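Here is the file coords05.pdb (PDB, C-alpha atoms).
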MODEL        1
ATOM      1  CA  MET A   1     136.182 -69.562  11.426
ATOM      2  CA  THR A   2     137.631 -67.757   8.511
ATOM      3  CA  GLN A   3     135.720 -65.301   6.433
ATOM      4  CA  GLN A   4     135.632 -67.765   3.556
ATOM      5  CA  ALA A   5     134.064 -70.425   5.733
ATOM      6  CA  VAL A   6     131.363 -68.050   6.956
ATOM      7  CA  PHE A   7     130.419 -67.124   3.406
ATOM      8  CA  PHE A   8     130.515 -70.753   2.310
ATOM      9  CA  TYR A   9     128.091 -71.810   5.006
ATOM     10  CA  VAL A  10     125.748 -68.904   4.291
ATOM     11  CA  TYR A  11     125.615 -69.736   0.594
ATOM     12  CA  ALA A  12     125.314 -73.456   1.272
ATOM     13  CA  VAL A  13     122.367 -72.917   3.607
ATOM     14  CA  VAL A  14     120.654 -70.671   1.062
ATOM     15  CA  ALA A  15     121.258 -73.202  -1.716
ATOM     16  CA  VAL A  16     119.940 -76.171   0.237
ATOM     17  CA  ALA A  17     116.978 -74.198   1.591
ATOM     18  CA  GLY A  18     116.077 -73.079  -1.914
ATOM     19  CA  ALA A  19     116.330 -76.618  -3.212
ATOM     20  CA  LEU A  20     114.098 -77.885  -0.423
ATOM     21  CA  GLY A  21     111.660 -75.089  -1.185
ATOM     22  CA  LEU A  22     111.587 -76.144  -4.821
ATOM     23  CA  VAL A  23     110.690 -79.675  -3.854
ATOM     24  CA  LEU A  24     108.285 -78.930  -1.021
ATOM     25  CA  ALA A  25     106.443 -75.770  -2.094
ATOM     26  CA  LYS A  26     102.792 -76.260  -2.921
ATOM     27  CA  LYS A  27     102.563 -73.672  -5.679
ATOM     28  CA  LEU A  28     104.777 -73.804  -8.711
ATOM     29  CA  ALA A  29     105.432 -70.046  -8.652
ATOM     30  CA  HIS A  30     106.787 -70.348  -5.125
ATOM     31  CA  SER A  31     109.115 -73.165  -6.089
ATOM     32  CA  LEU A  32     110.346 -71.042  -8.991
ATOM     33  CA  MET A  33     111.334 -68.294  -6.577
ATOM     34  CA  CYS A  34     112.990 -70.848  -4.298
ATOM     35  CA  VAL A  35     115.063 -72.326  -7.094
ATOM     36  CA  PHE A  36     116.091 -68.822  -8.107
ATOM     37  CA  ALA A  37     117.640 -68.440  -4.652
ATOM     38  CA  THR A  38     119.491 -71.714  -5.162
ATOM     39  CA  LEU A  39     120.820 -70.673  -8.564
ATOM     40  CA  VAL A  40     122.107 -67.350  -7.264
ATOM     41  CA  ALA A  41     123.691 -69.075  -4.269
ATOM     42  CA  VAL A  42     125.486 -71.503  -6.586
ATOM     43  CA  SER A  43     126.721 -68.520  -8.567
ATOM     44  CA  ALA A  44     128.088 -67.022  -5.353
ATOM     45  CA  LEU A  45     129.797 -70.337  -4.613
ATOM     46  CA  PHE A  46     131.484 -70.221  -8.006
ATOM     47  CA  LEU A  47     132.744 -66.785  -7.071
ATOM     48  CA  LEU A  48     133.968 -68.151  -3.760
ATOM     49  CA  LEU A  49     135.832 -70.850  -5.666
ATOM     50  CA  GLY A  50     137.607 -68.135  -7.600
ATOM     51  CA  SER A  51     136.033 -68.802 -10.991
ATOM     52  CA  GLU A  52     134.468 -65.468 -11.727
ATOM     53  CA  PHE A  53     133.615 -66.302 -15.328
ATOM     54  CA  LEU A  54     131.474 -69.251 -14.268
ATOM     55  CA  ALA A  55     129.779 -67.093 -11.665
ATOM     56  CA  ALA A  56     128.850 -64.537 -14.300
ATOM     57  CA  MET A  57     127.645 -67.256 -16.678
ATOM     58  CA  GLN A  58     125.588 -68.873 -13.929
ATOM     59  CA  LEU A  59     123.943 -65.533 -13.187
ATOM     60  CA  PHE A  60     123.260 -64.773 -16.858
ATOM     61  CA  VAL A  61     122.132 -68.207 -17.962
ATOM     62  CA  TYR A  62     120.408 -69.575 -14.894
ATOM     63  CA  GLY A  63     119.598 -66.533 -12.801
ATOM     64  CA  GLY A  64     118.378 -64.593 -15.805
ATOM     65  CA  ALA A  65     117.381 -66.656 -18.797
ATOM     66  CA  VAL A  66     116.293 -69.943 -17.261
ATOM     67  CA  THR A  67     114.265 -68.307 -14.506
ATOM     68  CA  ILE A  68     112.470 -66.049 -16.962
ATOM     69  CA  LEU A  69     111.875 -69.046 -19.231
ATOM     70  CA  MET A  70     110.359 -70.978 -16.343
ATOM     71  CA  LEU A  71     108.065 -68.061 -15.535
ATOM     72  CA  PHE A  72     107.030 -67.846 -19.203
ATOM     73  CA  ALA A  73     106.278 -71.549 -19.280
ATOM     74  CA  LEU A  74     104.225 -71.179 -16.127
ATOM     75  CA  MET A  75     102.243 -68.258 -17.524
ATOM     76  CA  LEU A  76     101.771 -69.679 -21.022
ATOM     77  CA  GLY A  77     100.769 -73.045 -19.660
ATOM     78  CA  GLY A  78      97.879 -71.487 -17.780
ATOM     79  CA  SER A  79      95.939 -73.638 -15.375
ATOM     80  CA  ALA A  80      97.239 -76.829 -16.939
ATOM     81  CA  ALA A  81     100.747 -75.965 -15.833
ATOM     82  CA  GLU A  82      99.641 -75.501 -12.248
ATOM     83  CA  THR A  83      97.677 -78.711 -11.895
ATOM     84  CA  GLU A  84      99.405 -81.196  -9.723
ATOM     85  CA  GLU A  85      97.596 -84.347  -8.823
ATOM     86  CA  LYS A  86      98.388 -86.067  -5.592
ATOM     87  CA  VAL A  87     101.253 -88.472  -5.748
ATOM     88  CA  ASP A  88     100.955 -91.775  -3.949
ATOM     89  CA  PRO A  89     102.478 -91.468  -0.432
ATOM     90  CA  SER A  90     104.220 -94.803  -0.840
ATOM     91  CA  VAL A  91     106.037 -93.406  -3.877
ATOM     92  CA  VAL A  92     107.184 -90.442  -1.801
ATOM     93  CA  TRP A  93     108.476 -92.725   0.929
ATOM     94  CA  VAL A  94     110.304 -95.017  -1.449
ATOM     95  CA  ALA A  95     111.841 -92.031  -3.248
ATOM     96  CA  ALA A  96     112.850 -90.408   0.051
ATOM     97  CA  VAL A  97     114.492 -93.580   1.322
ATOM     98  CA  ALA A  98     116.266 -94.123  -1.989
ATOM     99  CA  CYS A  99     117.531 -90.537  -2.117
ATOM    100  CA  ILE A 100     118.695 -90.533   1.490
ATOM    101  CA  ALA A 101     120.438 -93.857   0.959
ATOM    102  CA  PHE A 102     122.107 -92.476  -2.140
ATOM    103  CA  PHE A 103     123.163 -89.383  -0.221
ATOM    104  CA  GLY A 104     124.606 -91.555   2.524
ATOM    105  CA  MET A 105     126.481 -93.576  -0.038
ATOM    106  CA  LEU A 106     127.902 -90.402  -1.573
ATOM    107  CA  LEU A 107     128.905 -89.100   1.875
ATOM    108  CA  PHE A 108     130.682 -92.362   2.639
ATOM    109  CA  THR A 109     132.505 -92.284  -0.686
ATOM    110  CA  ILE A 110     133.514 -88.645  -0.267
ATOM    111  CA  GLY A 111     134.786 -89.400   3.216
ATOM    112  CA  GLU A 112     136.831 -92.369   2.026
ATOM    113  CA  ALA A 113     138.292 -90.872  -1.121
ATOM    114  CA  GLN A 114     141.742 -89.397  -1.312
ATOM    115  CA  TRP A 115     142.004 -86.583  -3.815
ATOM    116  CA  PRO A 116     145.287 -85.447  -5.288
ATOM    117  CA  LEU A 117     144.818 -81.936  -3.979
ATOM    118  CA  ALA A 118     146.826 -79.159  -5.527
ATOM    119  CA  PRO A 119     147.478 -75.739  -4.061
ATOM    120  CA  SER A 120     144.670 -73.486  -5.117
ATOM    121  CA  ALA A 121     145.533 -70.950  -7.754
ATOM    122  CA  PRO A 122     143.105 -68.542  -9.335
ATOM    123  CA  ILE A 123     142.063 -69.481 -12.862
ATOM    124  CA  ASP A 124     141.615 -66.330 -14.824
ATOM    125  CA  THR A 125     139.150 -65.965 -17.647
ATOM    126  CA  ALA A 126     141.900 -65.619 -20.230
ATOM    127  CA  ALA A 127     143.098 -69.155 -19.457
ATOM    128  CA  ILE A 128     139.585 -70.491 -20.008
ATOM    129  CA  ALA A 129     139.334 -68.612 -23.285
ATOM    130  CA  THR A 130     142.699 -69.931 -24.446
ATOM    131  CA  ILE A 131     141.859 -73.571 -23.802
ATOM    132  CA  LEU A 132     138.273 -73.198 -25.037
ATOM    133  CA  PHE A 133     139.293 -71.756 -28.375
ATOM    134  CA  SER A 134     142.307 -73.971 -28.984
ATOM    135  CA  LYS A 135     142.032 -77.474 -27.574
ATOM    136  CA  TYR A 136     138.249 -77.549 -27.271
ATOM    137  CA  LEU A 137     137.361 -75.618 -30.392
ATOM    138  CA  VAL A 138     135.461 -78.456 -32.095
ATOM    139  CA  PRO A 139     133.314 -79.266 -29.033
ATOM    140  CA  PHE A 140     132.671 -75.552 -28.707
ATOM    141  CA  GLU A 141     131.372 -75.345 -32.268
ATOM    142  CA  ILE A 142     129.274 -78.470 -31.778
ATOM    143  CA  ALA A 143     127.809 -76.968 -28.612
ATOM    144  CA  GLY A 144     126.853 -73.867 -30.549
ATOM    145  CA  LEU A 145     125.261 -76.022 -33.227
ATOM    146  CA  ALA A 146     123.337 -78.010 -30.607
ATOM    147  CA  LEU A 147     122.058 -74.809 -29.077
ATOM    148  CA  THR A 148     120.906 -73.512 -32.443
ATOM    149  CA  VAL A 149     119.161 -76.790 -33.281
ATOM    150  CA  ALA A 150     117.440 -76.838 -29.901
ATOM    151  CA  LEU A 151     116.329 -73.233 -30.321
ATOM    152  CA  ILE A 152     114.878 -73.828 -33.782
ATOM    153  CA  GLY A 153     113.303 -77.064 -32.603
ATOM    154  CA  SER A 154     111.544 -75.465 -29.679
ATOM    155  CA  ILE A 155     110.284 -72.596 -31.816
ATOM    156  CA  VAL A 156     108.919 -75.021 -34.406
ATOM    157  CA  MET A 157     107.328 -77.225 -31.768
ATOM    158  CA  SER A 158     105.682 -74.537 -29.720
ATOM    159  CA  ARG A 159     104.138 -72.595 -32.574
ATOM    160  CA  GLU A 160     100.468 -71.977 -32.074
ATOM    161  CA  ASP A 161      99.173 -73.099 -35.477
ATOM    162  CA  ASP A 162     100.389 -76.072 -37.417
ATOM    163  CA  ALA A 163      98.460 -75.118 -40.538
ATOM    164  CA  PRO A 164     100.456 -73.427 -43.317
ATOM    165  CA  GLU A 165     100.260 -69.678 -43.046
ATOM    166  CA  SER A 166      99.090 -67.253 -45.661
ATOM    167  CA  PRO A 167     101.852 -65.344 -47.430
ATOM    168  CA  ALA A 168     100.786 -62.081 -45.802
ATOM    169  CA  GLU A 169     101.229 -63.562 -42.343
ATOM    170  CA  LYS A 170     104.538 -65.017 -43.304
ATOM    171  CA  ALA A 171     105.781 -61.638 -44.440
ATOM    172  CA  GLY A 172     104.717 -60.139 -41.128
ATOM    173  CA  GLY A 173     106.889 -62.556 -39.200
ATOM    174  CA  ASP A 174     105.979 -65.110 -36.575
ATOM    175  CA  ALA A 175     104.525 -64.366 -33.201
TER     176      ALA A 175
ATOM    177  CA  MET B   1     138.974 -73.939   6.294
ATOM    178  CA  ILE B   2     136.751 -74.919   3.408
ATOM    179  CA  THR B   3     138.035 -78.009   1.680
ATOM    180  CA  LEU B   4     137.015 -79.889  -1.420
ATOM    181  CA  ASN B   5     134.866 -82.192   0.702
ATOM    182  CA  HIS B   6     132.633 -79.303   1.760
ATOM    183  CA  TYR B   7     131.815 -78.549  -1.848
ATOM    184  CA  LEU B   8     131.340 -82.213  -2.680
ATOM    185  CA  ILE B   9     128.930 -82.735   0.208
ATOM    186  CA  LEU B  10     126.926 -79.633  -0.680
ATOM    187  CA  SER B  11     126.786 -80.737  -4.282
ATOM    188  CA  ALA B  12     125.682 -84.230  -3.254
ATOM    189  CA  ALA B  13     122.933 -82.718  -1.104
ATOM    190  CA  LEU B  14     121.666 -80.569  -3.981
ATOM    191  CA  PHE B  15     121.814 -83.579  -6.299
ATOM    192  CA  CYS B  16     119.795 -85.768  -3.955
ATOM    193  CA  ILE B  17     117.179 -83.086  -3.311
ATOM    194  CA  GLY B  18     116.811 -82.583  -7.043
ATOM    195  CA  LEU B  19     116.561 -86.328  -7.577
ATOM    196  CA  PHE B  20     113.867 -86.604  -4.924
ATOM    197  CA  GLY B  21     111.917 -83.778  -6.519
ATOM    198  CA  ALA B  22     112.188 -85.257  -9.986
ATOM    199  CA  LEU B  23     111.019 -88.640  -8.727
ATOM    200  CA  THR B  24     108.045 -87.447  -6.690
ATOM    201  CA  SER B  25     106.744 -84.428  -8.559
ATOM    202  CA  ARG B  26     103.611 -84.782 -10.657
ATOM    203  CA  ASN B  27     104.077 -81.497 -12.464
ATOM    204  CA  ALA B  28     106.125 -81.584 -15.630
ATOM    205  CA  ILE B  29     107.600 -78.099 -15.226
ATOM    206  CA  ARG B  30     108.718 -78.914 -11.716
ATOM    207  CA  VAL B  31     110.355 -82.117 -12.919
ATOM    208  CA  VAL B  32     112.329 -80.152 -15.501
ATOM    209  CA  ILE B  33     113.423 -77.609 -12.894
ATOM    210  CA  CYS B  34     114.548 -80.441 -10.631
ATOM    211  CA  VAL B  35     116.662 -81.794 -13.477
ATOM    212  CA  GLU B  36     118.168 -78.313 -13.814
ATOM    213  CA  LEU B  37     118.981 -78.420 -10.122
ATOM    214  CA  ILE B  38     120.735 -81.760 -10.589
ATOM    215  CA  LEU B  39     122.774 -80.320 -13.447
ATOM    216  CA  ASN B  40     123.658 -77.342 -11.271
ATOM    217  CA  ALA B  41     124.948 -79.658  -8.571
ATOM    218  CA  VAL B  42     127.125 -81.350 -11.174
ATOM    219  CA  ASN B  43     128.387 -77.934 -12.294
ATOM    220  CA  LEU B  44     129.363 -77.069  -8.748
ATOM    221  CA  ASN B  45     131.151 -80.385  -8.423
ATOM    222  CA  LEU B  46     133.121 -79.830 -11.619
ATOM    223  CA  ALA B  47     134.060 -76.287 -10.672
ATOM    224  CA  ALA B  48     135.248 -77.400  -7.236
ATOM    225  CA  PHE B  49     137.349 -80.201  -8.715
ATOM    226  CA  SER B  50     138.748 -77.865 -11.322
ATOM    227  CA  GLN B  51     139.752 -75.305  -8.732
ATOM    228  CA  LEU B  52     141.067 -77.562  -6.002
ATOM    229  CA  VAL B  53     142.515 -80.568  -7.841
ATOM    230  CA  ALA B  54     143.799 -79.248 -11.159
ATOM    231  CA  PRO B  55     143.952 -75.462 -10.909
ATOM    232  CA  ASN B  56     146.602 -75.140 -13.582
ATOM    233  CA  GLU B  57     144.373 -76.392 -16.375
ATOM    234  CA  ALA B  58     141.007 -74.803 -16.842
ATOM    235  CA  VAL B  59     139.488 -78.023 -18.228
ATOM    236  CA  GLY B  60     136.883 -78.412 -15.496
ATOM    237  CA  GLN B  61     135.593 -74.925 -16.092
ATOM    238  CA  VAL B  62     135.367 -75.578 -19.822
ATOM    239  CA  PHE B  63     133.281 -78.654 -19.027
ATOM    240  CA  VAL B  64     131.011 -76.515 -16.883
ATOM    241  CA  ILE B  65     130.473 -74.167 -19.817
ATOM    242  CA  PHE B  66     129.564 -77.085 -22.093
ATOM    243  CA  LEU B  67     127.227 -78.454 -19.452
ATOM    244  CA  MET B  68     125.492 -75.099 -19.213
ATOM    245  CA  VAL B  69     124.991 -75.084 -22.978
ATOM    246  CA  VAL B  70     123.550 -78.578 -22.977
ATOM    247  CA  ALA B  71     121.338 -77.785 -19.986
ATOM    248  CA  ALA B  72     120.001 -74.653 -21.642
ATOM    249  CA  ALA B  73     119.230 -76.549 -24.852
ATOM    250  CA  GLU B  74     117.556 -79.349 -22.916
ATOM    251  CA  PHE B  75     115.552 -76.897 -20.860
ATOM    252  CA  GLY B  76     114.233 -75.014 -23.874
ATOM    253  CA  LEU B  77     113.230 -78.206 -25.655
ATOM    254  CA  ALA B  78     111.595 -79.672 -22.564
ATOM    255  CA  LEU B  79     109.552 -76.537 -21.982
ATOM    256  CA  ALA B  80     108.444 -76.539 -25.612
ATOM    257  CA  VAL B  81     107.319 -80.163 -25.305
ATOM    258  CA  ILE B  82     105.449 -79.401 -22.084
ATOM    259  CA  LEU B  83     103.730 -76.393 -23.661
ATOM    260  CA  VAL B  84     102.587 -78.473 -26.632
ATOM    261  CA  VAL B  85     101.332 -81.286 -24.406
ATOM    262  CA  ASN B  86      99.525 -78.831 -22.141
ATOM    263  CA  ARG B  87      97.882 -77.249 -25.164
ATOM    264  CA  THR B  88      96.774 -80.463 -26.817
ATOM    265  CA  SER B  89      95.441 -82.279 -23.764
ATOM    266  CA  ASP B  90      93.429 -81.242 -20.757
ATOM    267  CA  ILE B  91      95.214 -83.618 -18.404
ATOM    268  CA  SER B  92      98.589 -82.761 -16.958
ATOM    269  CA  ALA B  93     101.695 -83.262 -19.041
ATOM    270  CA  ILE B  94     103.010 -86.188 -17.027
ATOM    271  CA  GLU B  95      99.779 -88.147 -17.392
ATOM    272  CA  ALA B  96      99.735 -87.348 -21.093
ATOM    273  CA  MET B  97     103.304 -88.565 -21.470
ATOM    274  CA  ARG B  98     102.223 -91.880 -19.962
ATOM    275  CA  LYS B  99     100.069 -92.425 -23.029
ATOM    276  CA  LEU B 100     103.180 -92.515 -25.151
ATOM    277  CA  ARG B 101     103.942 -95.942 -23.746
ATOM    278  CA  GLY B 102     101.296 -97.308 -26.050
TER     279      GLY B 102
ENDMDL
END

Spell out the structure here as structure tokens.
Amino acid sequence: MTQQAVFFYVYAVVAVAGALGLVLAKKLAHSLMCVFATLVAVSALFLLLGSEFLAAMQLFVYGGAVTILMLFALMLGGSAAETEEKVDPSVVWVAAVACIAFFGMLLFTIGEAQWPLAPSAPIDTAAIATILFSKYLVPFEIAGLALTVALIGSIVMSREDDAPESPAEKAGGDA
Amino acid sequence: MITLNHYLILSAALFCIGLFGALTSRNAIRVVICVELILNAVNLNLAAFSQLVAPNEAVGQVFVIFLMVVAAAEFGLALAVILVVNRTSDISAIEAMRKLRG
């Protein structure tokens, strides 16, 4: 087994174990830690694929920001965020059968498909930058706009008080 | 030797686990995290295709970047909605969402 294969299997096992932990853990905080393992493992897989920029982005965005955001949501939500009523066992069984069937279907398709494989060549970050800022410039700007709108929207939605503030408070800035 | 199929199978496994979690979880935050996991599986898929099928054009990686942006925006909005619902009702967010059916 080559070195690459060993690393791939290690990361794959960590990723799948973390995902299972996310689904099966009783406490939400535990599943957050499990999904953190998955996100970091996926970042390592990006690195293994030779796309170091994506690996860095995955670490920054998912490993850092999203995980912290999840923890904040958990803490701000208080006890309401932790409550989890029992789900009907029949629902679990139906969902499990459906998901396993879907997985089997995907496996079959992947096994059957013929991909036009090309010899692997490293994609450097400069190539991504070139194509991102030339051919995909408009989608890039729209993505930035979407992110800004989402940010403003979530700030507006999650503000504590909906009543208009006094001018003094407004001058002091929002919490 | 690690081929494209290895990555595809791993990504399919992550996708299905995330799907199962999103279908069975009764906690809104966990549902959102499961959706993030699904999006991550898609990211892995795109990166693998980009690297092993069309390595000369970085298009797949650009798509991954856009997906990350959309996922981050979706995640922030979803958490804001969950926070508001948690604050305004004493039942869990998923039960409260059910009321929206009318």

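Between CA of Phe63 in chain B and CA of Met105 in chain A there is a distance of 25.1 Å.
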
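CA of Val6 in chain A is positioned 21.9 Å from CA of Gly111 in chain A.
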
Note to self: Please enumerate the residues selected by the ChimeraX specification (/A :<7) & /B when evaluated against the supplied file, formatted as a VMD selection string.
What the structure shows: chain B and resid 1 to 2 5 9 to 10 12 to 14 16 to 17 19 to 21 23 to 24 26 to 27 48 51 to 55 58 62 66 69 73 76 to 77 79 to 80 83 to 84 86 90 92

Just write the chosen residues, C-alpha atoms, as an mmCIF file, keeping the file's coordinate frame.
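Contents of the output file result18.cif:
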data_model
loop_
_atom_site.group_PDB
_atom_site.id
_atom_site.type_symbol
_atom_site.label_atom_id
_atom_site.label_comp_id
_atom_site.auth_asym_id
_atom_site.auth_seq_id
_atom_site.Cartn_x
_atom_site.Cartn_y
_atom_site.Cartn_z
ATOM 1 C CA MET B 1 138.974 -73.939 6.294
ATOM 2 C CA ILE B 2 136.751 -74.919 3.408
ATOM 3 C CA ASN B 5 134.866 -82.192 0.702
ATOM 4 C CA ILE B 9 128.930 -82.735 0.208
ATOM 5 C CA LEU B 10 126.926 -79.633 -0.680
ATOM 6 C CA ALA B 12 125.682 -84.230 -3.254
ATOM 7 C CA ALA B 13 122.933 -82.718 -1.104
ATOM 8 C CA LEU B 14 121.666 -80.569 -3.981
ATOM 9 C CA CYS B 16 119.795 -85.768 -3.955
ATOM 10 C CA ILE B 17 117.179 -83.086 -3.311
ATOM 11 C CA LEU B 19 116.561 -86.328 -7.577
ATOM 12 C CA PHE B 20 113.867 -86.604 -4.924
ATOM 13 C CA GLY B 21 111.917 -83.778 -6.519
ATOM 14 C CA LEU B 23 111.019 -88.640 -8.727
ATOM 15 C CA THR B 24 108.045 -87.447 -6.690
ATOM 16 C CA ARG B 26 103.611 -84.782 -10.657
ATOM 17 C CA ASN B 27 104.077 -81.497 -12.464
ATOM 18 C CA ALA B 48 135.248 -77.400 -7.236
ATOM 19 C CA GLN B 51 139.752 -75.305 -8.732
ATOM 20 C CA LEU B 52 141.067 -77.562 -6.002
ATOM 21 C CA VAL B 53 142.515 -80.568 -7.841
ATOM 22 C CA ALA B 54 143.799 -79.248 -11.159
ATOM 23 C CA PRO B 55 143.952 -75.462 -10.909
ATOM 24 C CA ALA B 58 141.007 -74.803 -16.842
ATOM 25 C CA VAL B 62 135.367 -75.578 -19.822
ATOM 26 C CA PHE B 66 129.564 -77.085 -22.093
ATOM 27 C CA VAL B 69 124.991 -75.084 -22.978
ATOM 28 C CA ALA B 73 119.230 -76.549 -24.852
ATOM 29 C CA GLY B 76 114.233 -75.014 -23.874
ATOM 30 C CA LEU B 77 113.230 -78.206 -25.655
ATOM 31 C CA LEU B 79 109.552 -76.537 -21.982
ATOM 32 C CA ALA B 80 108.444 -76.539 -25.612
ATOM 33 C CA LEU B 83 103.730 -76.393 -23.661
ATOM 34 C CA VAL B 84 102.587 -78.473 -26.632
ATOM 35 C CA ASN B 86 99.525 -78.831 -22.141
ATOM 36 C CA ASP B 90 93.429 -81.242 -20.757
ATOM 37 C CA SER B 92 98.589 -82.761 -16.958
#

Legend entry - Nearest candidate to Phe133 in chain A (options B:Val59, B:Ala72, B:Ala22, B:Ser89; using all atoms listed in the file):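 Of B:Val59, B:Ala72, B:Ala22, B:Ser89, the one nearest Phe133 in chain A, counting all atoms listed in the file, is B:Val59.
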
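For the pair CA of Ala28 in chain B and CA of Ile65 in chain B, the separation is 25.8 Å.
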
### Message
Take the PyMOL selection byres ((chain B and resi 32-37) around 6), run it mentally on this structure, and tell me the resulting residues as a ChimeraX atom specification.
### Response
/B:18,21-22,29-31,38-40

So that all listed atoms of range 17-25 of chain B fit with 6 Å spare on each side, what axis-aligned box centre and edge lengths in Å, to one decimal, would you give as AutoDock Vina command-line options?
--center_x 112.0 --center_y -85.6 --center_z -6.6 --size_x 22.4 --size_y 18.1 --size_z 18.7

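Closest to Leu4 in chain B among B:Ser25, B:Asn43, B:Gln61, B:Ser50 is B:Ser50, based on only C-alpha atoms.
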
Exercise for the section: Using only C-alpha atoms, pick whichever of A:Leu137, A:Val10, A:Ala55, A:Phe108 has the shortest atom-to-atom distance to Leu8 in chain B. Expected result: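 Result for the nearest residue to Leu8 in chain B: A:Phe108.
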
Is it possible to add N, CA and C atoms to range 63-78 of chain A and hand it back as an mmCIF file, in the coordinates of the input?
data_model
loop_
_atom_site.group_PDB
_atom_site.id
_atom_site.type_symbol
_atom_site.label_atom_id
_atom_site.label_comp_id
_atom_site.auth_asym_id
_atom_site.auth_seq_id
_atom_site.Cartn_x
_atom_site.Cartn_y
_atom_site.Cartn_z
ATOM 1 N N GLY A 63 120.316 -67.562 -13.548
ATOM 2 C CA GLY A 63 119.598 -66.533 -12.801
ATOM 3 C C GLY A 63 118.707 -65.701 -13.696
ATOM 4 N N GLY A 64 119.185 -65.406 -14.908
ATOM 5 C CA GLY A 64 118.378 -64.593 -15.805
ATOM 6 C C GLY A 64 117.510 -65.422 -16.715
ATOM 7 N N ALA A 65 118.144 -66.062 -17.703
ATOM 8 C CA ALA A 65 117.381 -66.656 -18.797
ATOM 9 C C ALA A 65 116.495 -67.803 -18.343
ATOM 10 N N VAL A 66 117.066 -68.749 -17.597
ATOM 11 C CA VAL A 66 116.293 -69.943 -17.261
ATOM 12 C C VAL A 66 115.121 -69.594 -16.350
ATOM 13 N N THR A 67 115.354 -68.676 -15.397
ATOM 14 C CA THR A 67 114.265 -68.307 -14.506
ATOM 15 C C THR A 67 113.131 -67.632 -15.275
ATOM 16 N N ILE A 68 113.500 -66.723 -16.176
ATOM 17 C CA ILE A 68 112.470 -66.049 -16.962
ATOM 18 C C ILE A 68 111.726 -67.053 -17.829
ATOM 19 N N LEU A 69 112.488 -68.017 -18.382
ATOM 20 C CA LEU A 69 111.875 -69.046 -19.231
ATOM 21 C C LEU A 69 110.883 -69.881 -18.424
ATOM 22 N N MET A 70 111.261 -70.199 -17.195
ATOM 23 C CA MET A 70 110.359 -70.978 -16.343
ATOM 24 C C MET A 70 109.086 -70.194 -16.069
ATOM 25 N N LEU A 71 109.249 -68.885 -15.795
ATOM 26 C CA LEU A 71 108.065 -68.061 -15.535
ATOM 27 C C LEU A 71 107.180 -67.998 -16.774
ATOM 28 N N PHE A 72 107.803 -67.874 -17.960
ATOM 29 C CA PHE A 72 107.030 -67.846 -19.203
ATOM 30 C C PHE A 72 106.261 -69.145 -19.369
ATOM 31 N N ALA A 73 106.950 -70.257 -19.123
ATOM 32 C CA ALA A 73 106.278 -71.549 -19.280
ATOM 33 C C ALA A 73 105.099 -71.646 -18.333
ATOM 34 N N LEU A 74 105.300 -71.141 -17.122
ATOM 35 C CA LEU A 74 104.225 -71.179 -16.127
ATOM 36 C C LEU A 74 103.037 -70.345 -16.593
ATOM 37 N N MET A 75 103.340 -69.154 -17.136
ATOM 38 C CA MET A 75 102.243 -68.258 -17.524
ATOM 39 C C MET A 75 101.566 -68.749 -18.796
ATOM 40 N N LEU A 76 102.370 -69.218 -19.766
ATOM 41 C CA LEU A 76 101.771 -69.679 -21.022
ATOM 42 C C LEU A 76 100.990 -70.964 -20.825
ATOM 43 N N GLY A 77 101.443 -71.780 -19.890
ATOM 44 C CA GLY A 77 100.769 -73.045 -19.660
ATOM 45 C C GLY A 77 99.392 -72.866 -19.049
ATOM 46 N N GLY A 78 99.180 -71.741 -18.383
ATOM 47 C CA GLY A 78 97.879 -71.487 -17.780
ATOM 48 C C GLY A 78 97.592 -72.450 -16.645
#
